[in-house]
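Okay, so here's the structure we're looking at.
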Amino acid sequence: MRTRLVTVLLALIAATLAIPGPAAADTQGGASLFGQIRQPGNDDEGVEGIGITVSQDGERIGEATTDSDGNWEVGLPGPGSYHVVLDEESVPDEYDVMQVPAGAERDLEVREGQRFAVVYRLAPAGQGQASASPGDSESAEETGDAEGGGSGEGAEEEGAVDAPAAPEGSGMFGQVVSLTVAGLLFGLVIAISSVGLSLIFGTTRLINFAHGDMVTFGAIMAMIFSGTSTLASLHEPFQGVPGLSMATNPFVVATVLAVASGGLLGGLLERFLWRPLRGRNVAMIQMFIVSIGIALLLRHLLLVVFDANRQKYVQFRIQDMIEWGPVALTPRDLAIMVLSVLVLVLVASMLQFTRIGKAMRAVSDNRDLAESSGIDVDKVTVYVWVLGGSLSALGGVFLGLNQSVYWQMGFHLLLLMFAAVILGGLGTAYGAMVGGLAIGLIAQLSTLWFSPQLMNVWALLIMIVVLLVRPQGILGRRERVG
């Protein structure tokens, strides 16, 4: 009975989250055009002093000049068609603007509240007419990367992953195969992020609404750590050394530190918040409200620290595609899939064969019986929170690698994590894995026939069907009532 009530509560919350509405801009200023102009062959260095002018129907709307990092932004009065011109005379003499595919002038369509990324690329002097590499993973030169729910091929939907490209001429079969691979990639990210959410519910019966923001926390921590000079100096002596060069790569070390930070955050929340509340016999509904408060607090702290702009990990902005028949993947996405499978196998092995894993499953099955059998339930619960925090942080890093890092990325993924947990079975780690893969596949394949903005709707429909047909989920168990 308790499981049914919890699933109904989750469905109501998910329905609220999925209600369509106008896409909110990531900044308070509403719609805007922005971008970053970087040196050719060096993604870490921007080009300063390049002028950008934006006009509408012949009337100048605004202008901007790139700063020392190459960033620029122009606020817009509202949605509509805009003409963007890069002043080629302001480009340093050693560079030319890439004229293929779009050149220095762009006509763009911007929606209400949309932050639209306009991608300009520079080339060494005399090479501006050369074609852009077809293997670039950022392929939005013609329309820009639409951020905050934009349209066009460069659009970056909230809670979605970049689909692997299907080679030209591959037809419907190629689209199905590429979206299936994208669904597996998306599902693996959801599965890694959802395992902790399911384990936490299984051991404490707490629905952790802050779990999505713990995903964001991991992504942002990796962004902060990877940009430190300390990690860069650590890497320098080992450049070119097989094995050590990769092991000391700033992003790899930053990912390890981010995962450790996520585990530490989860452990601290359990030790100094949730355990004292349970000790005072605080009602579960009140703890739900507390978790929502923690989610809002953490989300807006990350906003203050990181600001509202979307960013990408600089080490992996542009990569050449690897093609296998109808599927073209970047090495980055391939690494995400391989590492995700490896991590899920390790987590499953830990739960199945290790002493602490068996204790976690015992506490999840029956907390009182496990305690009476001599298991230190409080200690196991701390381990669950540490594991859940670490996995959510790793999921955030993987999602940020494929998509971009911004302060609401985990919140936008939260509905899909709830759907995965309910579909697989509340409280079961294996169920979260299966549910995550199913949700990812259905969400991506639905874009063959429907708008990508409806992806979350399909997750909600799946939850409703599961509640009607099998409330305990695919791998869940029926509970006696009364």
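Following the order of the structure tokens, first chain is A, next is B, and so on, with residues numbered from 1 inside each chain and ligands from 1 in the order they appear.
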Self-check item: Shell of 8 Å around segment 63-79 of chain A, only C-alpha atoms, local chain residues under 2 positions omitted, as a ChimeraX atom specification
Solution: /A:29-38,45-54,61,81,109-114
Quiz item: Can you list every residue in segment 286-447 of chain A that DSSP puts in strand (DSSP E or B), as a count of residues only?
Solution: 8
Practice problem: Skip segment 260-277 of chain A itself and residues of its chain fewer than 5 positions away, then list as a list in words all residues within 8 Å of it, counting only C-alpha atoms. | Solution: Met214, Phe217, Gly218, Met221, Val282, Met287, Asp378, Thr381, Val382, Tyr383, Trp385, Val386, Leu387, Gly388, Gly389, Ser390, Leu391, Ser392 and Ala393 of chain A
Would you mind exporting the chosen residues as a tab-separated table (two decimals), in the first residue's frame, restricted to C-alpha atoms?
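Now in selection_12.tsv:
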```
chain	number	residue	atom	x	y	z
A	214	MET	CA	23.14	16.46	-6.89
A	217	PHE	CA	26.54	19.46	-8.42
A	218	GLY	CA	28.77	16.75	-9.90
A	221	MET	CA	32.37	20.43	-9.62
A	282	VAL	CA	9.72	13.30	11.75
A	287	MET	CA	10.89	14.94	5.11
A	378	ASP	CA	22.74	3.50	10.15
A	381	THR	CA	22.43	3.98	5.10
A	382	VAL	CA	25.45	6.29	5.08
A	383	TYR	CA	27.12	4.03	2.52
A	385	TRP	CA	23.96	7.95	0.43
A	386	VAL	CA	27.66	8.08	-0.42
A	387	LEU	CA	27.12	5.66	-3.30
A	388	GLY	CA	24.03	7.53	-4.49
A	389	GLY	CA	25.81	10.89	-4.34
A	390	SER	CA	28.84	9.54	-6.21
A	391	LEU	CA	26.76	7.97	-8.97
A	392	SER	CA	24.61	11.09	-9.38
A	393	ALA	CA	27.77	13.20	-9.69
```
Self-check item: Polymer residues at most 7 Å from Leu184 of chain A, only C-alpha atoms, same-chain spacing of 4 or more positions, as a PyMOL selection string
Solution: chain A and resi 180+188+437+440-441
Exercise. Do a neighbour search on segment 91-94 of chain A at 8 Å with only C-alpha atoms, toss out local chain neighbours closer than 3 positions, and write the hits as an NGL selection string.
Key: :A and (49-50 or 87-88 or 97 or 124-125)
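When only C-alpha atoms are used to compute distances to Leu468 of chain A, the closest of the residues A:Leu413, A:Met433, A:Leu351, A:Ile422 turns out to be A:Ile422.
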Quiz prompt | Shell around Ser194 of chain A at 8 Å using only C-alpha atoms, local window under 6 positions removed, as an NGL selection string | solution = :A and (392 or 417-418 or 420-421 or 432-433 or 436)
Exercise. Could you give me the residues within segment 287-382 of chain A that DSSP places in helix (DSSP H, G or I), as JSON, numbers by chain?
Key: {"A": [287, 288, 289, 290, 291, 292, 293, 294, 295, 296, 297, 298, 299, 300, 301, 302, 303, 304, 305, 306, 314, 315, 316, 331, 332, 333, 334, 335, 336, 337, 338, 339, 340, 341, 342, 343, 344, 345, 346, 347, 348, 349, 350, 351, 352, 353, 355, 356, 357, 358, 359, 360, 361, 362, 363, 364, 365, 367, 368, 369, 370, 371, 372, 377, 378, 379, 380, 381, 382]}
Practice problem: Identify which of the residues A:Leu475, A:Ile439, A:Val252, A:Leu423 lies closest to Trp458 of chain A, counting only C-alpha atoms when measuring atom-to-atom distances. | Solution: A:Ile439
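Atom CA of Gly196 of chain A lies 13.5 Å from atom CA of Met350 of chain A.
Compared by their closest atoms to Glu323 of chain A, and using only C-alpha atoms, the residues A:Gln444, A:Ser404, A:Gln239, A:Ser178 rank with A:Ser178 nearest.
Between atom CA of Leu344 of chain A and atom CA of Phe186 of chain A there is a distance of 14.1 Å.
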Quiz item: Can you tell me, as a ChimeraX atom specification, what residues are no more than 10 Å from Leu244 of chain A when counting only C-alpha atoms, ignoring any on the same chain fewer than 6 positions away?
Solution: /A:235,237-238
